[in-house]
>>> print(open('structure39.csv').read())   # CSV, C-alpha atoms and all ligand atoms
chain,number,residue,atom,x,y,z
Y,1,MET,CA,0.0,0.0,0.0
Y,2,HIS,CA,1.2,3.5,-0.8
Y,3,LEU,CA,-1.0,6.5,-0.2
Y,4,LEU,CA,-0.7,9.9,-1.9
Y,5,VAL,CA,-2.1,12.7,0.4
Y,6,THR,CA,-2.9,16.1,-1.1
Y,7,GLY,CA,-3.4,19.2,1.0
Y,8,ALA,CA,-0.6,18.1,3.2
Y,9,ASN,CA,-0.2,21.5,4.9
Y,10,GLY,CA,-3.9,21.8,5.8
Y,11,GLN,CA,-5.3,20.7,9.2
Y,12,LEU,CA,-6.5,17.3,7.9
Y,13,GLY,CA,-3.4,16.8,5.8
Y,14,GLN,CA,-1.1,17.3,8.8
Y,15,CYS,CA,-3.2,15.0,11.0
Y,16,LEU,CA,-2.9,12.4,8.2
Y,17,ALA,CA,0.8,12.9,8.0
Y,18,ASP,CA,1.3,12.4,11.7
Y,19,ARG,CA,-0.7,9.2,11.8
Y,20,LEU,CA,0.7,7.7,8.6
Y,21,SER,CA,4.2,8.2,9.9
Y,22,LYS,CA,3.4,6.8,13.3
Y,23,GLN,CA,1.8,3.7,11.8
Y,24,ASN,CA,4.7,3.2,9.3
Y,25,ILE,CA,2.3,3.3,6.3
Y,26,PRO,CA,4.1,4.1,3.1
Y,27,HIS,CA,2.9,7.5,1.8
Y,28,THR,CA,3.8,10.6,-0.2
Y,29,LEU,CA,2.7,14.0,1.1
Y,30,LEU,CA,1.8,16.7,-1.4
Y,31,SER,CA,1.4,20.3,-0.4
Y,32,ARG,CA,0.3,23.2,-2.6
Y,33,GLN,CA,3.9,24.2,-2.8
Y,34,ASP,CA,4.8,20.7,-4.2
Y,35,ALA,CA,2.1,20.7,-6.8
Y,36,ASP,CA,-1.3,22.1,-7.6
Y,37,ILE,CA,-4.0,19.4,-7.5
Y,38,ASN,CA,-4.9,20.5,-11.0
Y,39,ASP,CA,-1.4,19.7,-12.3
Y,40,THR,CA,-2.1,16.3,-13.8
Y,41,VAL,CA,1.4,16.0,-15.3
Y,42,VAL,CA,3.2,16.1,-12.0
Y,43,LEU,CA,0.5,14.0,-10.3
Y,44,GLU,CA,0.6,11.3,-13.0
Y,45,LYS,CA,4.3,11.0,-12.7
Y,46,LEU,CA,4.2,10.7,-8.9
Y,47,VAL,CA,1.4,8.0,-9.0
Y,48,ALA,CA,3.4,6.0,-11.5
Y,49,ASP,CA,6.9,6.4,-9.9
Y,50,LYS,CA,5.7,5.7,-6.3
Y,51,CYS,CA,3.2,2.9,-7.3
Y,52,VAL,CA,0.5,4.8,-5.5
Y,53,THR,CA,-2.4,2.5,-4.5
Y,54,ALA,CA,-4.9,5.2,-3.4
Y,55,ILE,CA,-5.2,9.0,-3.3
Y,56,ILE,CA,-6.6,10.9,-0.3
Y,57,ASN,CA,-7.6,14.4,-1.3
Y,58,ALA,CA,-7.4,16.7,1.7
Y,59,ALA,CA,-6.8,19.8,-0.5
Y,60,ALA,CA,-9.6,22.3,-0.8
Y,61,TYR,CA,-10.5,26.0,-0.8
Y,62,THR,CA,-12.0,26.3,2.7
Y,63,ALA,CA,-12.5,30.1,3.2
Y,64,VAL,CA,-16.4,30.0,3.4
Y,65,ASP,CA,-16.9,33.8,3.4
Y,66,LYS,CA,-14.1,34.7,1.0
Y,67,ALA,CA,-15.4,32.1,-1.5
Y,68,GLU,CA,-18.4,34.5,-2.1
Y,69,SER,CA,-16.0,37.0,-3.7
Y,70,GLU,CA,-13.6,34.5,-5.2
Y,71,PRO,CA,-16.0,32.0,-6.8
Y,72,GLU,CA,-13.6,31.2,-9.7
Y,73,LEU,CA,-10.7,30.2,-7.4
Y,74,ALA,CA,-13.0,28.2,-5.2
Y,75,LYS,CA,-14.4,26.4,-8.3
Y,76,ARG,CA,-10.9,25.7,-9.6
Y,77,VAL,CA,-9.8,24.1,-6.3
Y,78,ASN,CA,-13.0,22.4,-5.2
Y,79,GLU,CA,-14.4,21.3,-8.6
Y,80,GLY,CA,-11.5,21.3,-11.0
Y,81,GLY,CA,-9.1,19.7,-8.6
Y,82,PRO,CA,-11.3,16.7,-7.6
Y,83,MET,CA,-12.2,16.2,-11.2
Y,84,ALA,CA,-8.5,16.0,-12.2
Y,85,LEU,CA,-7.8,13.6,-9.4
Y,86,ALA,CA,-10.8,11.4,-10.2
Y,87,LYS,CA,-9.7,11.1,-13.9
Y,88,LEU,CA,-6.2,10.2,-12.7
Y,89,CYS,CA,-7.4,7.6,-10.3
Y,90,SER,CA,-9.6,6.1,-12.9
Y,91,ARG,CA,-6.7,5.9,-15.4
Y,92,PHE,CA,-4.6,4.0,-12.8
Y,93,ASP,CA,-7.6,2.0,-11.5
Y,94,ILE,CA,-7.0,3.1,-7.9
Y,95,PRO,CA,-9.4,4.4,-5.3
Y,96,LEU,CA,-9.9,8.1,-4.6
Y,97,LEU,CA,-10.8,9.1,-1.1
Y,98,HIS,CA,-12.2,12.6,-1.3
Y,99,VAL,CA,-13.3,14.8,1.5
Y,100,SER,CA,-16.4,17.0,1.4
Y,101,THR,CA,-18.6,18.9,3.7
Y,102,ASP,CA,-22.0,19.3,5.6
Y,103,TYR,CA,-22.3,22.7,3.8
Y,104,VAL,CA,-23.6,20.8,0.7
Y,105,PHE,CA,-27.0,20.8,2.6
Y,106,ASP,CA,-29.4,23.6,3.0
Y,107,GLY,CA,-30.0,23.0,6.7
Y,108,ASN,CA,-33.8,22.9,6.6
Y,109,LYS,CA,-34.0,19.3,7.9
Y,110,GLN,CA,-34.6,18.7,11.6
Y,111,THR,CA,-33.2,15.1,11.9
Y,112,PRO,CA,-29.6,14.1,11.0
Y,113,TYR,CA,-28.7,14.1,7.4
Y,114,VAL,CA,-28.1,10.8,5.7
Y,115,GLU,CA,-26.1,10.2,2.6
Y,116,THR,CA,-29.2,10.0,0.3
Y,117,ASP,CA,-30.7,13.2,1.5
Y,118,GLN,CA,-31.3,16.0,-1.0
Y,119,THR,CA,-28.4,18.5,-1.2
Y,120,GLY,CA,-28.9,22.3,-1.6
Y,121,PRO,CA,-25.9,24.4,-0.8
Y,122,THR,CA,-26.5,27.9,0.6
Y,123,GLY,CA,-23.2,29.5,-0.6
Y,124,VAL,CA,-20.3,29.3,-3.1
Y,125,TYR,CA,-18.1,27.1,-0.9
Y,126,GLY,CA,-20.8,24.5,-0.5
Y,127,GLN,CA,-21.8,24.6,-4.1
Y,128,THR,CA,-18.3,24.1,-5.3
Y,129,LYS,CA,-17.8,21.2,-2.9
Y,130,LEU,CA,-21.0,19.6,-4.2
Y,131,ASN,CA,-19.8,20.1,-7.8
Y,132,GLY,CA,-16.6,18.4,-6.7
Y,133,GLU,CA,-18.5,15.4,-5.4
Y,134,ILE,CA,-20.4,15.1,-8.6
Y,135,ALA,CA,-17.2,15.3,-10.7
Y,136,VAL,CA,-15.7,12.5,-8.5
Y,137,GLN,CA,-18.8,10.3,-8.9
Y,138,ARG,CA,-18.8,10.9,-12.6
Y,139,HIS,CA,-15.1,10.2,-13.4
Y,140,CYS,CA,-14.0,7.6,-10.9
Y,141,ARG,CA,-15.9,4.5,-10.0
Y,142,LYS,CA,-13.7,3.6,-7.1
Y,143,HIS,CA,-14.5,6.6,-4.9
Y,144,ILE,CA,-15.2,7.3,-1.3
Y,145,ILE,CA,-16.7,10.8,-0.7
Y,146,LEU,CA,-16.4,11.5,3.0
Y,147,ARG,CA,-18.6,14.4,4.1
Y,148,THR,CA,-17.5,15.8,7.4
Y,149,ALA,CA,-18.2,18.9,9.4
Y,150,TRP,CA,-17.0,21.7,11.7
Y,151,VAL,CA,-13.4,20.4,11.7
Y,152,PHE,CA,-11.0,21.4,14.4
Y,153,SER,CA,-7.5,20.4,15.4
Y,154,GLU,CA,-4.2,21.6,16.7
Y,155,TYR,CA,-3.3,22.8,13.2
Y,156,GLY,CA,-4.3,25.6,10.9
Y,157,ASN,CA,-7.4,27.8,11.3
Y,158,ASN,CA,-10.5,26.5,13.0
Y,159,PHE,CA,-13.3,27.6,15.3
Y,160,LEU,CA,-11.6,26.1,18.4
Y,161,LYS,CA,-8.4,28.1,17.8
Y,162,THR,CA,-10.4,31.2,16.9
Y,163,MET,CA,-12.3,31.0,20.2
Y,164,LEU,CA,-9.1,30.5,22.3
Y,165,ARG,CA,-7.5,33.5,20.5
Y,166,LEU,CA,-10.6,35.7,21.0
Y,167,ALA,CA,-10.9,34.7,24.7
Y,168,LYS,CA,-7.5,36.3,25.3
Y,169,GLU,CA,-8.4,39.5,23.4
Y,170,ARG,CA,-12.0,40.1,24.5
Y,171,ASP,CA,-14.1,40.3,27.7
Y,172,THR,CA,-17.4,39.5,25.9
Y,173,LEU,CA,-18.1,37.3,22.9
Y,174,GLY,CA,-21.3,36.7,20.9
Y,175,VAL,CA,-21.7,33.4,19.2
Y,176,VAL,CA,-24.5,32.1,17.2
Y,177,GLY,CA,-26.9,29.6,18.8
Y,178,ASP,CA,-29.2,28.9,15.9
Y,179,GLN,CA,-26.7,26.9,13.7
Y,180,VAL,CA,-26.4,23.3,14.8
Y,181,GLY,CA,-23.8,20.8,13.6
Y,182,CYS,CA,-21.3,18.2,14.7
Y,183,PRO,CA,-17.8,19.3,15.6
Y,184,THR,CA,-15.3,16.7,14.3
Y,185,TYR,CA,-11.6,16.3,15.3
Y,186,ALA,CA,-9.4,16.2,12.2
Y,187,GLY,CA,-7.2,13.4,13.8
Y,188,ASP,CA,-10.3,11.2,14.0
Y,189,ILE,CA,-11.1,11.9,10.3
Y,190,ALA,CA,-7.5,11.0,9.4
Y,191,GLU,CA,-7.9,7.7,11.3
Y,192,ALA,CA,-11.2,7.0,9.6
Y,193,LEU,CA,-9.7,7.6,6.1
Y,194,ILE,CA,-6.6,5.5,6.8
Y,195,SER,CA,-8.8,2.6,8.1
Y,196,ILE,CA,-11.0,2.8,5.0
Y,197,ALA,CA,-7.9,2.9,2.7
Y,198,GLN,CA,-6.5,-0.2,4.4
Y,199,GLN,CA,-9.8,-2.0,4.1
Y,200,LEU,CA,-10.1,-1.1,0.5
Y,201,HIS,CA,-6.6,-2.3,-0.1
Y,202,LYS,CA,-7.3,-5.6,1.5
Y,203,ALA,CA,-10.5,-5.9,-0.5
Y,204,GLU,CA,-8.6,-5.1,-3.7
Y,205,GLN,CA,-6.2,-7.9,-2.9
Y,206,ASN,CA,-9.1,-10.2,-2.4
Y,207,LYS,CA,-8.4,-10.9,1.2
Y,208,SER,CA,-11.2,-12.9,2.7
Y,209,GLY,CA,-14.0,-11.2,4.6
Y,210,THR,CA,-13.2,-7.7,3.4
Y,211,LYS,CA,-15.6,-6.0,0.9
Y,212,ALA,CA,-15.0,-2.8,-0.9
Y,213,HIS,CA,-17.9,-0.4,-0.4
Y,214,TYR,CA,-17.6,2.7,-2.5
Y,215,GLY,CA,-19.8,5.8,-2.5
Y,216,VAL,CA,-20.8,8.7,-0.2
Y,217,TYR,CA,-20.2,8.5,3.5
Y,218,HIS,CA,-20.9,10.9,6.4
Y,219,TYR,CA,-18.3,11.1,9.2
Y,220,ALA,CA,-18.7,13.6,12.0
Y,221,GLY,CA,-18.8,14.2,15.7
Y,222,ASN,CA,-21.0,12.0,17.9
Y,223,GLU,CA,-22.9,14.9,19.5
Y,224,ALA,CA,-24.7,17.8,17.8
Y,225,VAL,CA,-24.4,21.3,19.3
Y,226,SER,CA,-24.7,24.9,18.2
Y,227,TRP,CA,-21.6,27.0,17.7
Y,228,TYR,CA,-22.5,28.7,21.0
Y,229,ARG,CA,-22.6,25.4,22.9
Y,230,PHE,CA,-19.3,24.4,21.1
Y,231,ALA,CA,-17.7,27.6,22.3
Y,232,GLU,CA,-19.0,27.1,25.8
Y,233,ALA,CA,-17.5,23.5,25.8
Y,234,ILE,CA,-14.2,24.8,24.4
Y,235,PHE,CA,-13.9,27.5,27.2
Y,236,ALA,CA,-14.8,25.0,29.9
Y,237,VAL,CA,-12.2,22.5,28.9
Y,238,ALA,CA,-9.5,25.2,28.3
Y,239,GLN,CA,-10.1,26.7,31.7
Y,240,ARG,CA,-10.0,23.3,33.4
Y,241,ALA,CA,-6.7,22.6,31.6
Y,242,GLY,CA,-5.3,26.0,32.6
Y,243,ILE,CA,-4.9,27.3,29.0
Y,244,LEU,CA,-7.3,30.1,29.9
Y,245,VAL,CA,-7.2,31.8,33.2
Y,246,THR,CA,-10.3,33.8,32.6
Y,247,ILE,CA,-13.0,33.2,30.1
Y,248,PRO,CA,-15.0,35.9,28.4
Y,249,VAL,CA,-18.7,36.5,29.0
Y,250,LEU,CA,-20.3,34.3,26.3
Y,251,ASN,CA,-23.6,35.6,24.8
Y,252,GLU,CA,-25.8,33.4,22.7
Y,253,ILE,CA,-26.9,35.4,19.6
Y,254,ASN,CA,-28.8,34.5,16.4
Y,255,THR,CA,-27.5,34.4,12.9
Y,256,ALA,CA,-29.0,37.8,12.0
Y,257,ALA,CA,-26.9,39.4,14.8
Y,258,TYR,CA,-23.7,38.0,13.2
Y,259,PRO,CA,-23.9,38.9,9.5
Y,260,THR,CA,-21.5,37.1,7.2
Y,261,PRO,CA,-21.0,37.2,3.4
Y,262,ALA,CA,-21.9,33.4,3.1
Y,263,LYS,CA,-25.2,32.0,4.3
Y,264,ARG,CA,-24.6,28.9,6.4
Y,265,PRO,CA,-27.0,26.0,7.0
Y,266,GLY,CA,-29.1,26.3,10.2
Y,267,TYR,CA,-28.9,22.6,10.8
Y,268,SER,CA,-26.2,20.4,9.3
Y,269,VAL,CA,-26.1,17.4,11.7
Y,270,LEU,CA,-24.6,14.4,9.9
Y,271,SER,CA,-25.5,10.8,10.7
Y,272,SER,CA,-22.4,8.6,10.8
Y,273,ALA,CA,-24.4,5.4,10.9
Y,274,LYS,CA,-23.5,4.2,7.4
Y,275,ILE,CA,-19.7,4.4,7.8
Y,276,GLU,CA,-20.0,2.7,11.1
Y,277,ALA,CA,-21.9,-0.2,9.5
Y,278,ASP,CA,-19.8,-0.6,6.4
Y,279,TYR,CA,-16.3,0.2,7.8
Y,280,ASN,CA,-16.6,-0.2,11.5
Y,281,VAL,CA,-15.5,3.4,12.1
Y,282,ARG,CA,-16.9,5.2,15.2
Y,283,PRO,CA,-18.0,8.8,15.0
Y,284,SER,CA,-15.6,11.4,16.4
Y,285,ASN,CA,-15.8,12.0,20.2
Y,286,TRP,CA,-15.2,15.7,19.9
Y,287,ARG,CA,-15.4,16.4,23.7
Y,288,VAL,CA,-12.7,13.9,24.4
Y,289,ALA,CA,-10.6,15.4,21.5
Y,290,CYS,CA,-11.0,18.9,23.0
Y,291,GLU,CA,-9.9,17.6,26.4
Y,292,ARG,CA,-6.8,15.9,24.9
Y,293,LEU,CA,-5.9,18.9,22.8
Y,294,SER,CA,-6.2,21.2,25.8
Y,295,ASN,CA,-4.2,19.0,28.0
Y,296,GLY,CA,-1.5,18.3,25.4
Y,297,LEU,CA,-0.9,19.7,21.9
Y,298,LEU,CA,-2.5,23.1,22.4
Y,299,ARG,CA,-0.3,23.9,25.4
Y,300,LYS,CA,2.7,24.2,23.0
Y,301,GLY,CA,1.0,26.9,21.0
Y,401,LIG,N1,-12.3,23.0,8.0
Y,401,LIG,C1,-13.5,22.5,8.2
Y,401,LIG,O1,-14.2,22.9,9.1
Y,401,LIG,C2,-14.1,21.5,7.3
Y,401,LIG,C3,-13.4,21.0,6.2
Y,401,LIG,N2,-14.0,20.1,5.4
Y,401,LIG,C4,-13.3,19.5,4.2
Y,401,LIG,O2,-12.2,18.8,4.8
Y,401,LIG,C5,-11.1,18.9,3.9
Y,401,LIG,C6,-9.8,19.3,4.7
Y,401,LIG,O3,-10.1,20.6,5.2
Y,401,LIG,P1,-9.0,21.3,6.1
Y,401,LIG,O4,-7.9,20.5,6.4
Y,401,LIG,O5,-9.8,22.0,7.3
Y,401,LIG,O6,-8.6,22.5,5.1
Y,401,LIG,P2,-7.4,23.5,5.2
Y,401,LIG,O7,-7.8,24.8,4.6
Y,401,LIG,O8,-6.7,23.5,6.5
Y,401,LIG,O9,-6.3,22.8,4.2
Y,401,LIG,C7,-6.6,22.7,2.8
Y,401,LIG,C8,-5.2,22.6,2.1
Y,401,LIG,O10,-5.5,22.6,0.7
Y,401,LIG,C9,-4.4,23.3,0.1
Y,401,LIG,N3,-4.8,23.7,-1.2
Y,401,LIG,C10,-5.6,24.8,-1.5
Y,401,LIG,N4,-5.6,24.9,-2.9
Y,401,LIG,C11,-4.9,23.9,-3.4
Y,401,LIG,C12,-4.5,23.6,-4.7
Y,401,LIG,N5,-5.0,24.2,-5.8
Y,401,LIG,N6,-3.6,22.6,-4.9
Y,401,LIG,C13,-3.1,21.9,-3.9
Y,401,LIG,N7,-3.4,22.2,-2.6
Y,401,LIG,C14,-4.3,23.2,-2.4
Y,401,LIG,C15,-4.1,24.4,1.0
Y,401,LIG,O11,-2.8,24.9,0.8
Y,401,LIG,P3,-2.2,26.2,1.6
Y,401,LIG,O12,-1.9,25.7,2.9
Y,401,LIG,O13,-1.0,26.5,0.8
Y,401,LIG,O14,-3.3,27.2,1.6
Y,401,LIG,C16,-4.3,23.8,2.4
Y,401,LIG,O15,-3.1,23.3,2.9
Y,401,LIG,C17,-11.5,19.8,2.8
Y,401,LIG,O16,-12.0,19.0,1.7
Y,401,LIG,C18,-12.6,20.6,3.4
Y,401,LIG,O17,-13.6,21.0,2.4
Y,401,LIG,C19,-15.3,19.6,5.6
Y,401,LIG,C20,-16.0,20.1,6.6
Y,401,LIG,C21,-15.5,21.0,7.6
Y,402,LIG,C1,-15.7,34.0,15.2
Y,402,LIG,C2,-17.1,33.9,15.4
Y,402,LIG,C3,-18.0,33.2,14.6
Y,402,LIG,N1,-19.3,33.1,14.8
Y,402,LIG,C4,-20.1,32.3,13.9
Y,402,LIG,C5,-20.0,32.6,12.5
Y,402,LIG,C6,-20.5,31.3,11.9
Y,402,LIG,O1,-21.9,31.2,11.8
Y,402,LIG,C7,-20.0,30.2,12.9
Y,402,LIG,C8,-18.8,29.5,12.5
Y,402,LIG,O2,-17.8,30.3,12.1
Y,402,LIG,P1,-16.5,30.0,11.3
Y,402,LIG,O3,-16.4,31.0,10.2
Y,402,LIG,O4,-15.4,29.8,12.2
Y,402,LIG,O5,-16.8,28.6,10.7
Y,402,LIG,P2,-17.1,28.2,9.2
Y,402,LIG,O6,-16.0,28.7,8.3
Y,402,LIG,O7,-18.4,28.5,8.8
Y,402,LIG,O8,-16.9,26.6,9.4
Y,402,LIG,C9,-17.1,25.8,8.3
Y,402,LIG,O9,-15.9,25.6,7.5
Y,402,LIG,C10,-16.1,24.9,6.4
Y,402,LIG,C11,-14.8,24.7,5.7
Y,402,LIG,C12,-16.9,23.7,6.5
Y,402,LIG,O10,-16.8,22.8,5.7
Y,402,LIG,C13,-18.0,23.6,7.6
Y,402,LIG,O11,-18.2,22.3,8.0
Y,402,LIG,C14,-17.7,24.5,8.8
Y,402,LIG,O12,-16.7,23.9,9.6
Y,402,LIG,O13,-19.8,31.0,14.1
Y,402,LIG,C15,-19.9,33.8,15.9
Y,402,LIG,O14,-21.1,33.8,16.1
Y,402,LIG,N2,-19.1,34.6,16.7
Y,402,LIG,C16,-17.7,34.7,16.5
Y,402,LIG,O15,-17.1,35.4,17.3
>>> encode(input="structure39.csv", output="structure tokens")
Amino acid sequence: MHLLVTGANGQLGQCLADRLSKQNIPHTLLSRQDADINDTVVLEKLVADKCVTAIINAAAYTAVDKAESEPELAKRVNEGGPMALAKLCSRFDIPLLHVSTDYVFDGNKQTPYVETDQTGPTGVYGQTKLNGEIAVQRHCRKHIILRTAWVFSEYGNNFLKTMLRLAKERDTLGVVGDQVGCPTYAGDIAEALISIAQQLHKAEQNKSGTKAHYGVYHYAGNEAVSWYRFAEAIFAVAQRAGILVTIPVLNEINTAAYPTPAKRPGYSVLSSAKIEADYNVRPSNWRVACERLSNGLLRKG
């Protein structure tokens, strides 16, 4: 097995890199500086030279609000990139594990979204991610599209790190309470992807008892909360761990009181039941991950 990971400098990419190294799984990491995911010549040579057995695409344009004013760039990365990778994987007959988002949904449901639910993005980011999914489905039969949500980690930019930074700068914070979703630790997503890649590899080699299931999967946190409740949990854990001495007064506000260029879904809770059934992968326990980060990796930062 040899995995090619794109988006290696992103938060998911770095969590993948940590775990692949730790588990001694042969892999090649590709950051934007190494190659653009649209650069098929470079990618094709790499896949051939390294005998890559699957690609994990963790590269994306993830600036939700900025995407509203940069739709062409978002489209190039989130649609063009996955399409190029899907065609490449198809040519080499290897699986593509592509990561997508809860923002492909409109948020009008009131029970957890399953994989067959109607999509309906509310902004440019979600629309380009949905178009990326469609391109992957169209051009590569051996695909896993893993939709995840509200990703946080010790790396990069994410809501947890924003809250910890703002807590040091402000006495009062307003956070929206009418958008509900499932926080997901990037390290858990990385482990889920690696496990799926391993199971697919075994199935490809016809090892008994392992079946290759391709298609769309949801993978997210085990407990749904609003951003407000997520912030509350982050502050509580950070204070217990001694990262924050004082915490700001946290006010629950509604979406109208926090205007943003992109409209976000009001409810984007994902059901992780299908991935658990097909791949025996448990949803992310985000509270435990917050605790571990606060007591370990975030102390360094
Ligand atoms: N963050 C979140 O809350 C969520 C993320 N997701 C999805 O999870 C996946 C991983 O997200 P996350 O790790 O948070 O994202 P990040 O923004 O942290 O990382 C994305 C990486 O992609 C790289 N990249 C951007 N454009 C290109 C390009 N044209 N060619 C090659 N690399 C490129 C970026 O490079 P550079 O570092 O140089 O900018 C960056 O390192 C994405 O598919 C995202 O849509 C889904 C749900 C929630
Ligand atoms: C910083 C801040 C944000 N908010 C709100 C704005 C928004 O509605 C919500 C989340 O804000 P952020 O901009 O950090 O998160 P956002 O960029 O919307 O996060 C999304 O990223 C993409 C990549 C995804 O795929 C999604 O799953 C999701 O994780 O919190 C407040 O209410 N108060 C604040 O002080």
>>> atom_distance(input="structure39.csv", atom1="atom CA of Y:Tyr258", atom2="atom CA of Y:Asn222")
26.6 Å
>>> residues_near_point(input="structure39.csv", point="(-18.6, 15.9, 16.7)", cutoff="6 Å", atoms="all atoms listed in the file", output="PyMOL selection string")
chain Y and resi 182-184+220-223+284-286
>>> closest_residue(input="structure39.csv", among="Y:Val245, Y:Leu146, Y:Leu293, Y:Val52", to="Y:Phe92", atoms="all atoms listed in the file")
Y:Val52
>>> residues_around(input="structure39.csv", residues="Y:Ala67", least_positions_apart="6", cutoff="12 Å", atoms="all atoms listed in the file", output="PyMOL selection string")
chain Y and resi 60-61+73-78+123-129+260-263
>>> residues_around(input="structure39.csv", residues="Y:Thr246", least_positions_apart="5", cutoff="12 Å", atoms="all atoms listed in the file", output="ChimeraX atom specification")
/Y:164,166-172,235-236,238-241
>>> residues_near_ligand(input="structure39.csv", ligand="ligand LIG 402 (chain Y)", cutoff="7 Å", atoms="only C-alpha atoms and all ligand atoms", output="MDAnalysis selection string")
chainID Y and resid 62:64 101:103 148:151 158:159 162:163 173:176 179 227 253 255 258 264
